[in-house]
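Asker: Take this structure, written in structure tokens, and hold onto it; I'll ask about it next.
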Amino acid sequence: MAKSATLTVQQWGNSLAVRIPAAVARSARFSVGQPVEVSAQESNVLVKPLGEPKLTLAQKLAAFNPAVHGGEVMGSRPVGNEVL
């Protein structure tokens with residue numbers, strides 16, 4: 001079911017902004033950190049998701065598995081142009 005809300009445009013630095021209410025964000029399947037594209041067509045504004053949210057460093061570290069990533073360069077001796 002489509003959700004809608006009546007909002008007020010406010011000043012945010014040199015830009016204008018509206019907050020997306022939680023019910024509308026859930027309906028659109030938006031999440032924190034998700035990249036979006038904002039476009040204007042005459043007097044209509046479209047906010048379109050552009051993929052998955054970017055992970056924070058803490059989330060990336062939590063997903064790190066030494067058994068899977070153990071052979072990465074960061075754990076080996078210098079090779080190639082790194083050798084002086």
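Chain labels follow the order of the structure tokens: the first chain is A, the next B, and so on; residue numbering restarts at 1 in every chain, and ligands are counted from 1 in their shown order.
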Can you list every residue in chain A that DSSP puts in alpha helix (DSSP H), as a PyMOL selection string?

Answerer: chain A and resi 22-28+57-63+66-69

Asker: May I have the residues from that selection written out with C-alpha atoms, as an mmCIF file, in the first residue's frame?

Answerer:
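Written file, out_33.cif:
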data_model
loop_
_atom_site.group_PDB
_atom_site.id
_atom_site.type_symbol
_atom_site.label_atom_id
_atom_site.label_comp_id
_atom_site.auth_asym_id
_atom_site.auth_seq_id
_atom_site.Cartn_x
_atom_site.Cartn_y
_atom_site.Cartn_z
ATOM 1 C CA ALA A 22 9.554 6.262 8.685
ATOM 2 C CA ALA A 23 6.348 4.824 7.175
ATOM 3 C CA VAL A 24 7.154 6.303 3.759
ATOM 4 C CA ALA A 25 10.787 5.112 3.966
ATOM 5 C CA ARG A 26 9.658 1.581 4.839
ATOM 6 C CA SER A 27 7.139 1.608 1.987
ATOM 7 C CA ALA A 28 9.904 2.685 -0.436
ATOM 8 C CA LEU A 57 34.042 0.456 8.679
ATOM 9 C CA ALA A 58 32.615 -1.325 11.734
ATOM 10 C CA GLN A 59 30.254 -3.341 9.506
ATOM 11 C CA LYS A 60 33.091 -4.233 7.120
ATOM 12 C CA LEU A 61 35.318 -5.359 10.005
ATOM 13 C CA ALA A 62 32.479 -7.421 11.495
ATOM 14 C CA ALA A 63 32.107 -9.223 8.142
ATOM 15 C CA PRO A 66 40.388 -14.459 8.206
ATOM 16 C CA ALA A 67 39.756 -17.938 6.761
ATOM 17 C CA VAL A 68 38.334 -16.402 3.593
ATOM 18 C CA HIS A 69 40.510 -13.283 3.409
#

Asker: Glu52 in chain A: which residues within 12 Å, counting only C-alpha atoms, same-chain residues fewer than 5 positions away excluded, as number ranges by chain?

Answerer: A: 29-36

Asker: Go ahead and write the selection's residues with C-alpha atoms as a PDB file, in the first residue's frame.

Answerer:
ATOM      1  CA  ARG A  29      12.321   0.178   1.192  1.00  0.00           C
ATOM      2  CA  PHE A  30      14.851   2.935   1.938  1.00  0.00           C
ATOM      3  CA  SER A  31      17.506   2.365   4.596  1.00  0.00           C
ATOM      4  CA  VAL A  32      20.132   4.503   6.327  1.00  0.00           C
ATOM      5  CA  GLY A  33      23.204   5.073   4.149  1.00  0.00           C
ATOM      6  CA  GLN A  34      21.472   4.048   0.930  1.00  0.00           C
ATOM      7  CA  PRO A  35      22.534   6.027  -2.139  1.00  0.00           C
ATOM      8  CA  VAL A  36      19.649   7.686  -3.997  1.00  0.00           C
TER       9      VAL A  36
END

Asker: CA of Val45 in chain A to CA of Ala17 in chain A: how many Å, to one decimal?

Answerer: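 Result for CA of Val45 in chain A versus CA of Ala17 in chain A: 12.0 Å, one decimal.
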
Asker: Can you tell me how far CA of Pro49 in chain A sits from CA of Glu37 in chain A, in Å to one decimal?

Answerer: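 Atom-to-atom, CA of Pro49 in chain A and CA of Glu37 in chain A are spaced 6.4 Å apart.
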
Asker: Which parts of range 26-80 of chain A does DSSP call strand (DSSP E) when run on the backbone here, written out as a PyMOL selection string?

Answerer: chain A and resi 36-41+44-49

Asker: Given the selection you just returned, output its residues as a file containing C-alpha atoms, formatted as an mmCIF file, in the first residue's frame.

Answerer:
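Dumped to out-v4.cif:
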data_model
loop_
_atom_site.group_PDB
_atom_site.id
_atom_site.type_symbol
_atom_site.label_atom_id
_atom_site.label_comp_id
_atom_site.auth_asym_id
_atom_site.auth_seq_id
_atom_site.Cartn_x
_atom_site.Cartn_y
_atom_site.Cartn_z
ATOM 1 C CA VAL A 36 19.649 7.686 -3.997
ATOM 2 C CA GLU A 37 19.168 9.771 -7.134
ATOM 3 C CA VAL A 38 17.021 12.894 -6.819
ATOM 4 C CA SER A 39 15.582 14.370 -10.018
ATOM 5 C CA ALA A 40 13.042 17.060 -10.859
ATOM 6 C CA GLN A 41 10.539 16.867 -13.696
ATOM 7 C CA ASN A 44 7.535 16.752 -9.414
ATOM 8 C CA VAL A 45 10.527 15.449 -7.453
ATOM 9 C CA LEU A 46 11.533 11.789 -7.752
ATOM 10 C CA VAL A 47 13.791 10.033 -5.221
ATOM 11 C CA LYS A 48 15.070 6.740 -6.658
ATOM 12 C CA PRO A 49 17.247 4.156 -4.826
#
